[in-house]
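Asks: My structure is stored as input.pdb, with PDB, C-alpha atoms.
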ATOM      1  CA  ASN I 703      10.667  11.826 -21.490
ATOM      2  CA  SER I 704      11.105  14.416 -18.754
ATOM      3  CA  VAL I 705       8.458  12.841 -16.500
ATOM      4  CA  VAL I 706      10.264   9.491 -16.485
ATOM      5  CA  LEU I 707      13.603  11.195 -15.816
ATOM      6  CA  ILE I 708      12.126  13.079 -12.859
ATOM      7  CA  ALA I 709      10.613   9.835 -11.545
ATOM      8  CA  ILE I 710      13.983   8.075 -11.864
ATOM      9  CA  GLY I 711      15.601  10.924  -9.950
ATOM     10  CA  LEU I 712      12.944  10.682  -7.243
ATOM     11  CA  ILE I 713      13.448   6.934  -6.810
ATOM     12  CA  ALA I 714      17.227   7.418  -6.671
ATOM     13  CA  LEU I 715      16.897  10.156  -4.026
ATOM     14  CA  LEU I 716      14.450   8.172  -1.904
ATOM     15  CA  SER I 717      16.594   5.032  -2.207
ATOM     16  CA  TYR I 718      19.480   7.096  -0.847
ATOM     17  CA  ILE I 719      17.326   8.275   2.083
ATOM     18  CA  ASN I 720      16.304   4.653   2.654
ATOM     19  CA  TRP I 721      19.967   3.613   2.681
ATOM     20  CA  ARG I 722      21.134   6.419   4.983
ATOM     21  CA  SER I 723      19.089   5.266   7.993
ATOM     22  CA  ILE I 724      15.680   4.032   9.026
ATOM     23  CA  LYS I 725      15.413   6.959  11.444
ATOM     24  CA  GLY I 726      15.940   9.502   8.664
ATOM     25  CA  SER I 727      13.417   7.678   6.499
ATOM     26  CA  SER I 728      10.906   7.690   9.356
ATOM     27  CA  ASN I 729      11.384  11.428   9.917
ATOM     28  CA  PHE I 730      10.778  12.096   6.208
ATOM     29  CA  ASN I 731       7.694   9.881   6.376
ATOM     30  CA  ILE I 732       6.320  11.768   9.386
ATOM     31  CA  ILE I 733       6.804  15.154   7.696
ATOM     32  CA  CYS I 734       5.082  13.972   4.515
ATOM     33  CA  THR I 735       2.253  12.358   6.477
ATOM     34  CA  PHE I 736       1.483  15.604   8.299
ATOM     35  CA  ALA I 737       1.532  17.434   4.959
ATOM     36  CA  GLU I 738      -0.862  14.849   3.465
ATOM     37  CA  LEU I 739      -3.181  15.050   6.452
ATOM     38  CA  SER I 740      -3.276  18.839   6.265
ATOM     39  CA  GLY I 741      -4.294  18.633   2.599
ATOM     40  CA  LEU I 742      -7.069  16.151   3.367
ATOM     41  CA  ILE I 743      -8.309  18.314   6.248
ATOM     42  CA  ILE I 744      -8.480  21.253   3.826
ATOM     43  CA  ILE I 745     -10.724  19.198   1.520
ATOM     44  CA  ILE I 746     -12.982  18.153   4.400
ATOM     45  CA  GLY I 747     -13.149  21.754   5.647
ATOM     46  CA  ILE I 748     -14.062  23.041   2.181
ATOM     47  CA  ALA I 749     -16.905  20.519   1.964
ATOM     48  CA  LEU I 750     -18.245  21.400   5.407
ATOM     49  CA  LEU I 751     -18.405  25.091   4.485
ATOM     50  CA  ASN I 752     -19.261  24.931   0.788
ATOM     51  CA  GLY I 753     -20.502  21.440  -0.005
ATOM     52  CA  HIS I 754     -24.022  20.293  -0.767
ATOM     53  CA  MET I 755     -25.993  17.169   0.012
ATOM     54  CA  VAL I 756     -25.544  14.346  -2.494
ATOM     55  CA  ASP I 757     -27.093  10.927  -2.961
ATOM     56  CA  LEU I 758     -24.342   8.643  -1.672
ATOM     57  CA  THR I 759     -26.256   5.563  -2.813
ATOM     58  CA  TYR I 760     -26.150   6.603  -6.487
ATOM     59  CA  MET I 761     -24.180   4.076  -8.550
ATOM     60  CA  PRO I 762     -23.914   5.094 -12.243
ATOM     61  CA  ASN I 763     -22.258   1.789 -13.149
ATOM     62  CA  GLY I 764     -24.135  -0.379 -10.671
ATOM     63  CA  LEU I 765     -22.655  -2.673  -8.045
ATOM     64  CA  GLU I 766     -20.227  -4.091 -10.595
ATOM     65  CA  GLY I 767     -18.679  -0.647 -11.001
ATOM     66  CA  VAL I 768     -18.420  -0.249  -7.229
ATOM     67  CA  PHE I 769     -16.679  -3.603  -6.803
ATOM     68  CA  LYS I 770     -14.281  -3.005  -9.696
ATOM     69  CA  GLY I 771     -13.488   0.402  -8.261
ATOM     70  CA  ALA I 772     -12.876  -1.145  -4.840
ATOM     71  CA  ALA I 773     -10.470  -3.694  -6.340
ATOM     72  CA  LEU I 774      -8.531  -0.910  -8.062
ATOM     73  CA  VAL I 775      -8.416   1.675  -5.266
ATOM     74  CA  PHE I 776      -7.324  -1.013  -2.812
ATOM     75  CA  PHE I 777      -3.930   0.285  -3.913
ATOM     76  CA  ALA I 778      -4.537   3.174  -1.492
ATOM     77  CA  TYR I 779      -4.602   0.698   1.393
ATOM     78  CA  LEU I 780      -1.239  -0.854   0.638
ATOM     79  CA  GLY I 781       1.481  -0.253   3.179
ATOM     80  CA  PHE I 782      -0.141  -1.335   6.407
ATOM     81  CA  GLU I 783       1.134  -4.891   5.994
ATOM     82  CA  GLY I 784       4.628  -3.471   5.476
ATOM     83  CA  LEU I 785       4.810  -2.505   9.141
ATOM     84  CA  VAL I 786       5.610  -6.089  10.108
ATOM     85  CA  LYS I 787       8.736  -5.989   7.937
ATOM     86  CA  LEU I 788      10.153  -3.368  10.296
ATOM     87  CA  ALA I 789       9.761  -5.592  13.368
ATOM     88  CA  GLU I 790      13.521  -5.997  13.808
ATOM     89  CA  GLU I 791      13.913  -2.220  13.897
ATOM     90  CA  THR I 792      11.017  -1.635  16.323
ATOM     91  CA  LYS I 793      11.091  -1.589  20.125
ATOM     92  CA  GLU I 794       8.671  -4.116  21.658
ATOM     93  CA  PRO I 795       7.206  -5.113  18.262
ATOM     94  CA  GLN I 796       4.871  -7.705  19.805
ATOM     95  CA  LYS I 797       3.033  -4.858  21.554
ATOM     96  CA  ILE I 798       3.563  -1.948  19.185
ATOM     97  CA  LEU I 799       2.879  -3.535  15.771
ATOM     98  CA  PRO I 800      -0.626  -5.001  16.368
ATOM     99  CA  LEU I 801      -1.779  -1.710  17.891
ATOM    100  CA  ALA I 802      -0.150   0.306  15.095
ATOM    101  CA  LEU I 803      -1.806  -1.850  12.421
ATOM    102  CA  VAL I 804      -5.299  -1.599  13.886
ATOM    103  CA  LEU I 805      -5.134   2.128  14.649
ATOM    104  CA  SER I 806      -3.625   3.060  11.286
ATOM    105  CA  ILE I 807      -6.300   1.145   9.348
ATOM    106  CA  VAL I 808      -9.167   2.592  11.413
ATOM    107  CA  ILE I 809      -7.913   6.196  11.278
ATOM    108  CA  THR I 810      -7.068   6.027   7.578
ATOM    109  CA  SER I 811     -10.447   4.505   6.697
ATOM    110  CA  ILE I 812     -12.285   7.295   8.516
ATOM    111  CA  VAL I 813     -10.214   9.967   6.754
ATOM    112  CA  TYR I 814     -10.609   8.296   3.328
ATOM    113  CA  VAL I 815     -14.392   8.083   3.665
ATOM    114  CA  ALA I 816     -14.613  11.687   4.861
ATOM    115  CA  VAL I 817     -12.505  12.903   1.933
ATOM    116  CA  ALA I 818     -14.482  10.874  -0.627
ATOM    117  CA  VAL I 819     -17.812  12.212   0.643
ATOM    118  CA  SER I 820     -16.367  15.734   0.784
ATOM    119  CA  ALA I 821     -15.107  15.579  -2.800
ATOM    120  CA  VAL I 822     -18.436  14.512  -4.331
ATOM    121  CA  SER I 823     -20.288  17.127  -2.278
ATOM    122  CA  VAL I 824     -18.257  19.912  -3.934
ATOM    123  CA  LEU I 825     -17.802  18.550  -7.487
ATOM    124  CA  ASP I 826     -19.984  16.035  -9.311
ATOM    125  CA  TRP I 827     -18.526  12.597  -9.944
ATOM    126  CA  GLN I 828     -18.171  13.169 -13.699
ATOM    127  CA  ALA I 829     -15.871  16.154 -13.126
ATOM    128  CA  LEU I 830     -13.839  14.224 -10.558
ATOM    129  CA  ALA I 831     -13.495  11.239 -12.901
ATOM    130  CA  ALA I 832     -12.319  13.451 -15.769
ATOM    131  CA  SER I 833      -9.741  15.336 -13.693
ATOM    132  CA  LYS I 834      -6.086  14.330 -13.398
ATOM    133  CA  ALA I 835      -5.937  16.057  -9.987
ATOM    134  CA  PRO I 836      -9.462  15.697  -8.533
ATOM    135  CA  LEU I 837      -8.782  16.877  -4.981
ATOM    136  CA  ALA I 838      -6.861  19.879  -6.262
ATOM    137  CA  GLU I 839      -9.856  20.662  -8.489
ATOM    138  CA  VAL I 840     -12.109  20.556  -5.419
ATOM    139  CA  ALA I 841      -9.882  23.033  -3.594
ATOM    140  CA  SER I 842      -9.523  25.359  -6.581
ATOM    141  CA  LYS I 843     -13.286  25.559  -7.145
ATOM    142  CA  VAL I 844     -13.707  27.230  -3.760
ATOM    143  CA  LEU I 845     -10.329  28.796  -2.955
ATOM    144  CA  GLY I 846      -8.967  29.580  -6.410
ATOM    145  CA  ASN I 847      -5.858  28.635  -8.381
ATOM    146  CA  ASN I 848      -3.461  29.027  -5.441
ATOM    147  CA  ALA I 849      -5.276  26.215  -3.658
ATOM    148  CA  PHE I 850      -4.875  24.039  -6.757
ATOM    149  CA  ILE I 851      -1.112  24.612  -6.663
ATOM    150  CA  LEU I 852      -0.955  23.929  -2.907
ATOM    151  CA  LEU I 853      -2.918  20.669  -3.151
ATOM    152  CA  SER I 854      -0.829  19.594  -6.143
ATOM    153  CA  MET I 855       2.355  20.118  -4.112
ATOM    154  CA  ILE I 856       0.895  18.135  -1.219
ATOM    155  CA  ALA I 857      -0.043  15.378  -3.680
ATOM    156  CA  LEU I 858       3.566  15.256  -4.873
ATOM    157  CA  LEU I 859       4.753  14.923  -1.271
ATOM    158  CA  SER I 860       2.190  12.168  -0.776
ATOM    159  CA  THR I 861       3.501  10.361  -3.853
ATOM    160  CA  ALA I 862       7.087  10.666  -2.622
ATOM    161  CA  ASN I 863       6.029   9.356   0.773
ATOM    162  CA  THR I 864       4.288   6.353  -0.789
ATOM    163  CA  VAL I 865       7.343   5.594  -2.925
ATOM    164  CA  LEU I 866       9.646   5.767   0.097
ATOM    165  CA  LEU I 867       7.403   3.462   2.119
ATOM    166  CA  GLY I 868       7.346   1.000  -0.771
ATOM    167  CA  LEU I 869      11.130   1.091  -1.067
ATOM    168  CA  ILE I 870      11.571   0.589   2.680
ATOM    169  CA  THR I 871       9.176  -2.331   3.058
ATOM    170  CA  SER I 872      10.185  -4.045  -0.195
ATOM    171  CA  SER I 873      13.894  -3.846   0.592
ATOM    172  CA  ARG I 874      13.281  -5.256   4.091
ATOM    173  CA  GLY I 875      11.171  -7.999   2.538
ATOM    174  CA  LEU I 876      13.994  -8.908   0.168
ATOM    175  CA  TYR I 877      16.429  -8.765   3.084
ATOM    176  CA  GLY I 878      14.225 -11.184   5.030
ATOM    177  CA  LEU I 879      14.122 -13.612   2.093
ATOM    178  CA  ALA I 880      17.892 -13.392   1.717
ATOM    179  CA  THR I 881      18.409 -14.424   5.333
ATOM    180  CA  GLU I 882      16.402 -17.590   4.604
ATOM    181  CA  PHE I 883      17.756 -18.426   1.132
ATOM    182  CA  LYS I 884      21.543 -18.780   0.933
ATOM    183  CA  LYS I 885      21.624 -18.451  -2.863
ATOM    184  CA  ILE I 886      20.492 -14.835  -2.595
ATOM    185  CA  SER I 887      22.326 -14.100   0.663
ATOM    186  CA  LEU I 888      23.980 -11.112  -1.031
ATOM    187  CA  PHE I 889      20.815  -9.135  -0.325
ATOM    188  CA  SER I 890      21.102  -9.825   3.409
ATOM    189  CA  TYR I 891      24.268  -7.730   3.611
ATOM    190  CA  VAL I 892      23.916  -4.863   6.088
ATOM    191  CA  GLY I 893      26.253  -1.933   5.483
ATOM    192  CA  SER I 894      27.832   0.591   7.815
ATOM    193  CA  LYS I 895      24.571   2.557   7.974
ATOM    194  CA  GLY I 896      22.759  -0.429   9.470
ATOM    195  CA  THR I 897      20.569  -0.857   6.381
ATOM    196  CA  PRO I 898      20.440  -3.673   3.762
ATOM    197  CA  THR I 899      22.547  -2.016   1.061
ATOM    198  CA  TYR I 900      22.166  -4.434  -1.850
ATOM    199  CA  ALA I 901      18.499  -5.111  -1.140
ATOM    200  CA  ILE I 902      17.815  -1.365  -1.284
ATOM    201  CA  LEU I 903      19.768  -1.077  -4.548
ATOM    202  CA  ALA I 904      17.926  -4.013  -6.148
ATOM    203  CA  VAL I 905      14.486  -2.733  -5.152
ATOM    204  CA  GLY I 906      15.324   0.731  -6.488
ATOM    205  CA  ILE I 907      16.344  -0.715  -9.864
ATOM    206  CA  ILE I 908      13.167  -2.820 -10.089
ATOM    207  CA  ALA I 909      11.063   0.247  -9.251
ATOM    208  CA  ILE I 910      12.726   2.189 -12.067
ATOM    209  CA  ILE I 911      11.955  -0.621 -14.539
ATOM    210  CA  PHE I 912       8.247  -0.362 -13.683
ATOM    211  CA  LEU I 913       8.316   3.319 -14.657
ATOM    212  CA  PHE I 914       8.321   2.287 -18.299
ATOM    213  CA  ILE I 915       4.833   0.770 -18.007
ATOM    214  CA  GLU I 916       2.914   3.863 -19.049
ATOM    215  CA  ASN I 917      -0.554   2.715 -17.963
ATOM    216  CA  ILE I 918      -0.644   3.340 -14.209
ATOM    217  CA  SER I 919      -3.840   1.291 -13.773
ATOM    218  CA  ILE I 920      -1.979  -1.809 -15.014
ATOM    219  CA  VAL I 921       0.776  -1.231 -12.445
ATOM    220  CA  ALA I 922      -1.815  -0.660  -9.712
ATOM    221  CA  GLU I 923      -3.796  -3.800 -10.555
ATOM    222  CA  LEU I 924      -0.650  -5.937 -10.856
ATOM    223  CA  THR I 925       0.450  -4.643  -7.470
ATOM    224  CA  ASN I 926      -2.967  -5.332  -6.003
ATOM    225  CA  PHE I 927      -2.979  -8.902  -7.346
ATOM    226  CA  THR I 928       0.399  -9.752  -5.799
ATOM    227  CA  VAL I 929      -0.657  -8.213  -2.490
ATOM    228  CA  PHE I 930      -3.986 -10.064  -2.619
ATOM    229  CA  MET I 931      -2.104 -13.354  -3.054
ATOM    230  CA  THR I 932       0.114 -12.439  -0.103
ATOM    231  CA  PHE I 933      -2.940 -11.713   2.040
ATOM    232  CA  ILE I 934      -4.457 -15.071   1.094
ATOM    233  CA  MET I 935      -1.275 -16.884   2.131
ATOM    234  CA  VAL I 936      -1.048 -14.938   5.405
ATOM    235  CA  ASN I 937      -4.658 -15.682   6.333
ATOM    236  CA  LEU I 938      -4.318 -19.355   5.397
ATOM    237  CA  SER I 939      -1.140 -19.529   7.483
ATOM    238  CA  VAL I 940      -3.034 -18.318  10.549
ATOM    239  CA  ILE I 941      -5.622 -21.065  10.062
ATOM    240  CA  VAL I 942      -3.023 -23.800   9.474
ATOM    241  CA  LEU I 943      -0.837 -22.754  12.415
ATOM    242  CA  ARG I 944      -3.838 -22.623  14.737
ATOM    243  CA  PHE I 945      -4.232 -26.401  14.194
ATOM    244  CA  LYS I 946      -0.623 -27.377  13.515
ATOM    245  CA  GLU I 947       0.850 -25.505  16.487
ATOM    246  CA  PRO I 948      -2.060 -24.859  18.863
ATOM    247  CA  ASN I 949       0.205 -24.364  21.888
ATOM    248  CA  ALA I 950       2.675 -21.987  20.262
ATOM    249  CA  GLU I 951       3.326 -18.726  22.100
ATOM    250  CA  ARG I 952       1.271 -15.944  20.511
ATOM    251  CA  PRO I 953       2.008 -12.373  21.660
ATOM    252  CA  PHE I 954      -1.080 -11.395  19.628
ATOM    253  CA  LYS I 955      -3.853 -13.892  18.928
ATOM    254  CA  VAL I 956      -6.478 -13.265  16.257
ATOM    255  CA  PRO I 957      -9.863 -13.023  18.041
ATOM    256  CA  LEU I 958     -13.240 -14.565  17.139
ATOM    257  CA  SER I 959     -12.966 -18.331  16.838
ATOM    258  CA  ILE I 960     -15.534 -21.127  16.737
ATOM    259  CA  ALA I 961     -14.400 -24.669  17.635
ATOM    260  CA  GLY I 962     -10.817 -23.482  17.318
ATOM    261  CA  ILE I 963     -11.375 -22.151  13.790
ATOM    262  CA  PRO I 964     -10.409 -18.460  13.479
ATOM    263  CA  LEU I 965     -13.220 -16.656  11.661
ATOM    264  CA  LEU I 966     -11.434 -13.451  10.662
ATOM    265  CA  PRO I 967      -8.796 -15.216   8.502
ATOM    266  CA  ILE I 968     -11.563 -17.165   6.725
ATOM    267  CA  PHE I 969     -13.413 -13.921   6.035
ATOM    268  CA  GLY I 970     -10.094 -12.422   4.909
ATOM    269  CA  VAL I 971      -9.506 -15.165   2.332
ATOM    270  CA  LEU I 972     -13.058 -14.959   0.966
ATOM    271  CA  SER I 973     -13.055 -11.161   0.720
ATOM    272  CA  VAL I 974      -9.684 -11.120  -1.051
ATOM    273  CA  LEU I 975     -10.867 -13.755  -3.547
ATOM    274  CA  PHE I 976     -13.904 -11.560  -4.207
ATOM    275  CA  LEU I 977     -11.689  -8.533  -4.895
ATOM    276  CA  ILE I 978      -9.451 -10.574  -7.207
ATOM    277  CA  ALA I 979     -12.539 -11.608  -9.189
ATOM    278  CA  ASN I 980     -13.206  -7.923  -9.876
ATOM    279  CA  LEU I 981      -9.798  -7.239 -11.420
ATOM    280  CA  GLU I 982      -9.373  -7.180 -15.194
ATOM    281  CA  SER I 983      -9.197 -10.701 -16.634
ATOM    282  CA  TYR I 984      -5.733 -10.237 -18.175
ATOM    283  CA  ILE I 985      -4.418  -9.164 -14.758
ATOM    284  CA  ILE I 986      -5.875 -12.284 -13.138
ATOM    285  CA  TYR I 987      -4.486 -14.667 -15.774
ATOM    286  CA  GLY I 988      -1.114 -12.937 -15.842
ATOM    287  CA  GLY I 989      -0.932 -12.916 -12.056
ATOM    288  CA  ILE I 990      -1.793 -16.615 -11.810
ATOM    289  CA  LEU I 991       0.850 -17.450 -14.426
ATOM    290  CA  PHE I 992       3.432 -15.393 -12.547
ATOM    291  CA  SER I 993       2.505 -17.117  -9.270
ATOM    292  CA  ILE I 994       2.913 -20.540 -10.898
ATOM    293  CA  LEU I 995       6.365 -19.557 -12.179
ATOM    294  CA  LEU I 996       7.386 -18.633  -8.631
ATOM    295  CA  VAL I 997       6.966 -22.252  -7.491
ATOM    296  CA  PRO I 998      10.012 -23.609  -9.397
ATOM    297  CA  ALA I 999      11.877 -20.430  -8.411
ATOM    298  CA  TYR I1000      11.283 -21.326  -4.768
ATOM    299  CA  TYR I1001      12.732 -24.814  -5.205
ATOM    300  CA  LEU I1002      15.632 -23.396  -7.206
ATOM    301  CA  PHE I1003      16.682 -20.917  -4.542
ATOM    302  CA  ARG I1004      15.743 -22.774  -1.363
ATOM    303  CA  ASN I1005      18.477 -24.059   0.921
ATOM    304  CA  LYS I1006      19.477 -27.680   0.513
TER     305      LYS I1006
END
Is it possible to give me this structure as structure tokens?
Replies:
Amino acid sequence: NSVVLIAIGLIALLSYINWRSIKGSSNFNIICTFAELSGLIIIIGIALLNGHMVDLTYMPNGLEGVFKGAALVFFAYLGFEGLVKLAEETKEPQKILPLALVLSIVITSIVYVAVAVSAVSVLDWQALAASKAPLAEVASKVLGNNAFILLSMIALLSTANTVLLGLITSSRGLYGLATEFKKISLFSYVGSKGTPTYAILAVGIIAIIFLFIENISIVAELTNFTVFMTFIMVNLSVIVLRFKEPNAERPFKVPLSIAGIPLLPIFGVLSVLFLIANLESYIIYGGILFSILLVPAYYLFRNK
């Protein structure tokens, strides 16, 4: 249908921007980010001027509903980990990346909480849940239909920005794998633009394939599961390396340790396992099966 065709066109356009240069992609990202932030500030401003006090402890579906919602909307927090994939294209990454990660998570969390509280103080949660464009509905209730159109346009820019970030980080991830695995070395090819041409092309094609899964919640939960597994492996790696290579040079060392055991990675593993437990059962089983299938794939493609 027309929606899928438009989405295919968007992925093709953003893949082209990704291929042209990382600088151009970054400039597009900055423009979209400012547009997104302006839209969120509008929502917060509307709530400050026209909102009402609400019971923020009210849970219509209990704690189970809160945890399941947290597991699903974790999708909104994806992207921070992708910063590390741009290390080779960053000046002084050992200094810049840790600071960028911490600041981006803190700032985004504050904005997200402010927007969530603002939204429920203008519209009740039932109306927000039933709407296909909840934040636009919040704006239109106070400022009229023009605000709905404006917020919808900002939401489209936000979507495009998210897609571009996904294409950038995924293609760099594939490029990194290709530099380690000779059997897929094709994807490590860097073209005249200084970007991984074939990796960008492959990621774009895979993204288009996912368009044909009509239920967006399935895509979101599948994405969350794979990212959760990645986070588990990353946190376990920190723990293992702390004992296996205690004297290794560490430009950034994870704080808070007891008897040499880093506490934050342990908390990270446990919290991620908790979020996985709140995903739909078919997502968990399917994700575990997919992860198991990746083991023989690793041995098939690894260098000998």
Asks: Using the chain letters and residue numbers of this document, give as a PDB file with C-alpha atoms, in the coordinates of the input the residues selected by the PyMOL selection byres ((chain I and resi 875) around 10).
Replies:
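What landed in part03.pdb:
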ATOM      1  CA  GLY I 784       4.628  -3.471   5.476  1.00  0.00           C
ATOM      2  CA  VAL I 786       5.610  -6.089  10.108  1.00  0.00           C
ATOM      3  CA  LYS I 787       8.736  -5.989   7.937  1.00  0.00           C
ATOM      4  CA  LEU I 788      10.153  -3.368  10.296  1.00  0.00           C
ATOM      5  CA  LEU I 869      11.130   1.091  -1.067  1.00  0.00           C
ATOM      6  CA  ILE I 870      11.571   0.589   2.680  1.00  0.00           C
ATOM      7  CA  THR I 871       9.176  -2.331   3.058  1.00  0.00           C
ATOM      8  CA  SER I 872      10.185  -4.045  -0.195  1.00  0.00           C
ATOM      9  CA  SER I 873      13.894  -3.846   0.592  1.00  0.00           C
ATOM     10  CA  ARG I 874      13.281  -5.256   4.091  1.00  0.00           C
ATOM     11  CA  LEU I 876      13.994  -8.908   0.168  1.00  0.00           C
ATOM     12  CA  TYR I 877      16.429  -8.765   3.084  1.00  0.00           C
ATOM     13  CA  GLY I 878      14.225 -11.184   5.030  1.00  0.00           C
ATOM     14  CA  LEU I 879      14.122 -13.612   2.093  1.00  0.00           C
ATOM     15  CA  ALA I 880      17.892 -13.392   1.717  1.00  0.00           C
ATOM     16  CA  ALA I 901      18.499  -5.111  -1.140  1.00  0.00           C
ATOM     17  CA  VAL I 905      14.486  -2.733  -5.152  1.00  0.00           C
TER      18      VAL I 905
END
Asks: Please provide the set of residues having any atom within 12 Å of Tyr987 of chain I, restricted to only C-alpha atoms, with same-chain residues fewer than 5 positions apart removed, written as a compact mmCIF listing (two decimals) with C-alpha atoms, keeping the file's coordinate frame.
Replies:
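Done, and the output landed in selection21.txt:
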# COMPACT_ATOMS: atom_id res chain seq x y z
CA LEU I 924 -0.65 -5.94 -10.86
CA PHE I 927 -2.98 -8.90 -7.35
CA ILE I 978 -9.45 -10.57 -7.21
CA ALA I 979 -12.54 -11.61 -9.19
CA LEU I 981 -9.80 -7.24 -11.42
CA GLU I 982 -9.37 -7.18 -15.19
CA PHE I 992 3.43 -15.39 -12.55
CA SER I 993 2.50 -17.12 -9.27
CA ILE I 994 2.91 -20.54 -10.90
Asks: Got a sec: who's within 8 Å of Phe769 of chain I, counting only C-alpha atoms, leaving out chain neighbours fewer than 4 positions off, as a ChimeraX atom specification?
Replies: /I:765,773,977,980
Asks: Nearest residue to Leu712 of chain I out of I:Ile941, I:Ile990, I:Ile910, I:Met761, using only C-alpha atoms?
Replies: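 For Leu712 of chain I, the nearest of the given residues is I:Ile910.
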Asks: Evaluate the PyMOL selection byres ((chain I and resi 824) around 12) on the structure here and hand back the selected residues as a VMD selection string.
Replies: chain I and resid 745 to 756 817 to 823 825 to 830 836 to 845
Asks: Taking the file as shown, find all residues satisfying the PyMOL selection byres ((chain I and resi 892-896) around 9) and write them as a PyMOL selection string.
Replies: chain I and resi 721-724+877+889-891+897-900
Asks: Find the distance between atom CA of Ile960 of chain I and atom CA of Ala802 of chain I and write it in Å to one decimal.
Replies: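 Here the two named atoms are 26.4 Å from each other.
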Asks: Using all atoms of segment 913-926 of chain I that appear in the file, construct an axis-aligned enclosing box with 4 Å of padding on every side and provide its centre coordinates and edge lengths in Å, rounded to one decimal, as AutoDock Vina command-line options.
Replies:
--center_x 2.2 --center_y -1.0 --center_z -12.5 --size_x 20.2 --size_y 17.8 --size_z 21.0
Asks: Which value, in Å to one decimal, gives the distance between atom CA of Ser811 of chain I and atom CA of Val921 of chain I?
Replies: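 Distance between the two atoms: 22.9 Å.
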Asks: Could you jot down the atom CA of Leu966 of chain I to atom CA of Glu947 of chain I separation for me, Å, one decimal place?
Replies: 18.2 Å
Asks: Between I:Lys793, I:Val971, I:Leu996, I:Cys734, which has the minimum distance to Ala862 of chain I (counting all atoms listed in the file)?
Replies: I:Cys734
Asks: Do a neighbour search on Leu715 of chain I at 12 Å with all atoms listed in the file, toss out local chain neighbours closer than 2 positions, and write the hits as number ranges by chain.
Replies: I: 708-713, 717-722, 727, 862-863, 865-866, 869, 902-903, 906
Asks: With distances taken over all atoms listed in the file, which residue among I:Leu938, I:Ile732, I:Leu995, I:Leu1002 lies nearest Phe969 of chain I?
Replies: I:Leu938
Asks: Can you tell me, as a list in words, what residues are no more than 10 Å from Ser919 of chain I when counting all atoms listed in the file, ignoring any on the same chain fewer than 4 positions away?
Replies: Leu774, Val775, Phe777, Ile915, Glu923, Leu924 and Thr925 of chain I
Asks: Using all atoms listed in the file, which of the listed residues (I:Leu913, I:Leu975, I:Leu805, I:Ala737) sits closest to Met855 of chain I?
Replies: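 Using all atoms listed in the file, the shortest distance to Met855 of chain I belongs to I:Ala737.
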Asks: For each of I:Asn703, I:Gly868, I:Glu794, I:Ile934, take the minimum atom-to-atom distance to Ile908 of chain I, counting all atoms listed in the file, then give the residue where this is smallest.
Replies: I:Gly868
Asks: If I only have part of segment 751-763 of chain I, can you fill in N, CA and C atoms and write it as an mmCIF file, in the frame of the given file?
Replies:
data_model
loop_
_atom_site.group_PDB
_atom_site.id
_atom_site.type_symbol
_atom_site.label_atom_id
_atom_site.label_comp_id
_atom_site.auth_asym_id
_atom_site.auth_seq_id
_atom_site.Cartn_x
_atom_site.Cartn_y
_atom_site.Cartn_z
ATOM 1 N N LEU I 751 -17.995 23.692 4.636
ATOM 2 C CA LEU I 751 -18.405 25.091 4.485
ATOM 3 C C LEU I 751 -19.103 25.377 3.162
ATOM 4 N N ASN I 752 -18.757 24.601 2.119
ATOM 5 C CA ASN I 752 -19.261 24.931 0.788
ATOM 6 C C ASN I 752 -19.910 23.760 0.050
ATOM 7 N N GLY I 753 -19.952 22.607 0.670
ATOM 8 C CA GLY I 753 -20.502 21.440 -0.005
ATOM 9 C C GLY I 753 -22.019 21.417 0.000
ATOM 10 N N HIS I 754 -22.580 20.462 -0.721
ATOM 11 C CA HIS I 754 -24.022 20.293 -0.767
ATOM 12 C C HIS I 754 -24.360 18.818 -0.578
ATOM 13 N N MET I 755 -25.570 18.549 -0.203
ATOM 14 C CA MET I 755 -25.993 17.169 0.012
ATOM 15 C C MET I 755 -26.023 16.409 -1.313
ATOM 16 N N VAL I 756 -25.532 15.182 -1.294
ATOM 17 C CA VAL I 756 -25.544 14.346 -2.494
ATOM 18 C C VAL I 756 -26.112 12.975 -2.138
ATOM 19 N N ASP I 757 -26.568 12.282 -3.149
ATOM 20 C CA ASP I 757 -27.093 10.927 -2.961
ATOM 21 C C ASP I 757 -25.919 9.949 -2.972
ATOM 22 N N LEU I 758 -25.501 9.522 -1.787
ATOM 23 C CA LEU I 758 -24.342 8.643 -1.672
ATOM 24 C C LEU I 758 -24.647 7.216 -2.109
ATOM 25 N N THR I 759 -25.897 6.916 -2.358
ATOM 26 C CA THR I 759 -26.256 5.563 -2.813
ATOM 27 C C THR I 759 -26.300 5.468 -4.335
ATOM 28 N N TYR I 760 -26.083 6.593 -5.022
ATOM 29 C CA TYR I 760 -26.150 6.603 -6.487
ATOM 30 C C TYR I 760 -24.958 5.849 -7.073
ATOM 31 N N MET I 761 -25.232 4.884 -7.934
ATOM 32 C CA MET I 761 -24.180 4.076 -8.550
ATOM 33 C C MET I 761 -24.371 4.078 -10.063
ATOM 34 N N PRO I 762 -23.703 4.982 -10.794
ATOM 35 C CA PRO I 762 -23.914 5.094 -12.243
ATOM 36 C C PRO I 762 -23.568 3.826 -13.012
ATOM 37 N N ASN I 763 -22.643 3.028 -12.474
ATOM 38 C CA ASN I 763 -22.258 1.789 -13.149
ATOM 39 C C ASN I 763 -22.682 0.548 -12.359
#
